[in-house]
Amino acid sequence: MIPFTKMHGIGNDCVVIDARVKPYALDSDQIRLVADRRRGVGGDQLVVIEPPRHSQAVGFLRFYNSDGSEAQACGNATRCIVSRLMREEDTDLLAVETVAGLLPGHVDERGLVAIDMGSAQLDWQDIPLSRQMNTLHLDLSVGPYTDPVAVSIGNPHCVFFVEDADVVDPATLGPAVERDPLFPERTNVEFVSVLDSGRIRMRVWERGAGTTLACGSGACAAAVAAASRGLTTRKIEVVLDGGTLFIDWRADNHVVMSGPVAVAFTGTLKIATGAA
């Protein structure tokens with residue numbers, strides 16, 4: 001019997017399991033079952049909170065996509081869990097760990113949960129790409145869309161700039177880009193239209209999860225790509241299907257993401273596990 005919390009950041013939902021006291025080891029089949037929206041709880045990701053390794057962290061977060069694969073980062077899920085942990089610790093400032101490093105979080109002046117997602121990476125080896133290429137102008141196309149930007153926010157992203165993101169179907173175009181040989185670890189795929197110098201519209205195909213209402217690391221990647229191309233300022237709003245995130249690509253290269261979070265419900269999983 002495993003207690004869980006269902007949370008979401010502007011519709012990007014996750015099932016959260018706290019394994020800091022009692023560890024749980026779910027296999028990929030069990031993760032897919034939990035994430036299944038008809039047979040399980042339902043969610044874009046399942047997140048396990050483990051004991052921290054770093055002295056400054058409250059917990060170590062492991063992210064699993066709905067297809068059972070492990071992800072390096074998930075910005076909205078991180079914001080959700082930081083919000084939960086801040087309530088537990090009665091503080092508005094703390095840090096969590098992921099495989100991408102130590103991520104500080106706080107409540108900003110608007111009452112939104114903000115996460116420092118770390119440094120944006122634009123070198124082809126850091127994405128990673130399978131061969132050397134200018135990451136601001138990839139030699140890659142899908143359907144009528146060409147010339148994307150590759151960015152790593154602890155995980156790989158491929159950002160296409162389009163005239164109208166609302167007419168793009170990520171489910172049709174995203175899978176081919178996700179598994180293109182250029183991306184040895186697969187990639188998230190964003191379709192972005194620039195509304196003005198401080199606002200963009202984005203739709204997303206998430207690696208291992210498919211079409212989602214929002215992607216936090218994808219919003220960060222889109223903001224970095226737009227500013228790198230000179231299309232926007234470094235501090236912008238990103239309008240997604242589920243709502244709006246606020247991204248600040250700071251002068252020190254760190255990307256800070258802010259937005260709302262919510263608890264949907266709590267419950268208990270009753271599945272066979274490899275509990276330690």
# chains A, B, ... in the order shown; residues from 1 in each chain; ligands from 1
$ select_by_dssp --residues "stretch 24-229 of chain A" --states "strand (DSSP E or B)" --output "ChimeraX atom specification"
/A:45-50,60-65,70-71,93-98,101-107,113-119,121,141-142,145-146,149-152,156-161,188-196,199-206,210-211
$ select_by_dssp --residues "stretch 78-244 of chain A" --states "alpha helix (DSSP H)" --output "number ranges by chain"
A: 78-89, 170-178, 216-228
$ residues_around --residues "A:Leu112" --least-positions-apart "5" --cutoff "8 Å" --atoms "only C-alpha atoms" --output "list of chain:residue names"
A:Val107, A:Ser258, A:Gly259, A:Pro260, A:Val261
$ closest_residue --among "A:Glu70, A:Asp13, A:Asp169, A:Glu50" --to "A:Asp27" --atoms "only C-alpha atoms"
A:Glu70
$ closest_residue --among "A:Leu138, A:Leu173, A:Val194, A:Ala209" --to "A:Asp36" --atoms "only C-alpha atoms"
A:Ala209
$ closest_residue --among "A:Val58, A:Ile127, A:Val99, A:Ala226" --to "A:Ser193" --atoms "only C-alpha atoms"
A:Ala226
$ closest_residue --among "A:Ala120, A:Leu140, A:Ala222, A:Ala57" --to "A:Leu93" --atoms "only C-alpha atoms"
A:Ala57
$ residues_around --residues "A:Arg250" --least-positions-apart "3" --cutoff "12 Å" --atoms "only C-alpha atoms" --output "VMD selection string"
chain A and resid 116 to 120 220 223 to 224 227 233 to 236 247 253 to 257
$ closest_residue --among "A:Gly9, A:Gly68, A:Pro128, A:Gly101" --to "A:Val113" --atoms "only C-alpha atoms"
A:Gly9
$ closest_residue --among "A:Thr78, A:Pro184, A:Val41, A:Ala225" --to "A:His137" --atoms "only C-alpha atoms"
A:Ala225
$ atom_distance --atom1 "atom CA of A:Thr135" --atom2 "atom CA of A:Val149"
5.5 Å
$ atom_distance --atom1 "atom CA of A:Leu103" --atom2 "atom CA of A:Gly42"
26.0 Å
$ residues_around --residues "A:Gln45" --least-positions-apart "3" --cutoff "10 Å" --atoms "only C-alpha atoms" --output "PyMOL selection string"
chain A and resi 8+12-16+31-32+34-35+42+48+63-71+74+77+208-209
$ residues_around --residues "A:Ile200" --least-positions-apart "3" --cutoff "7 Å" --atoms "only C-alpha atoms" --output "PyMOL selection string"
chain A and resi 192-196+237-239
$ residues_around --residues "A:Met202" --least-positions-apart "4" --cutoff "12 Å" --atoms "only C-alpha atoms" --output "number ranges by chain"
A: 159-170, 189-195, 211-216, 218-223, 226, 237-245
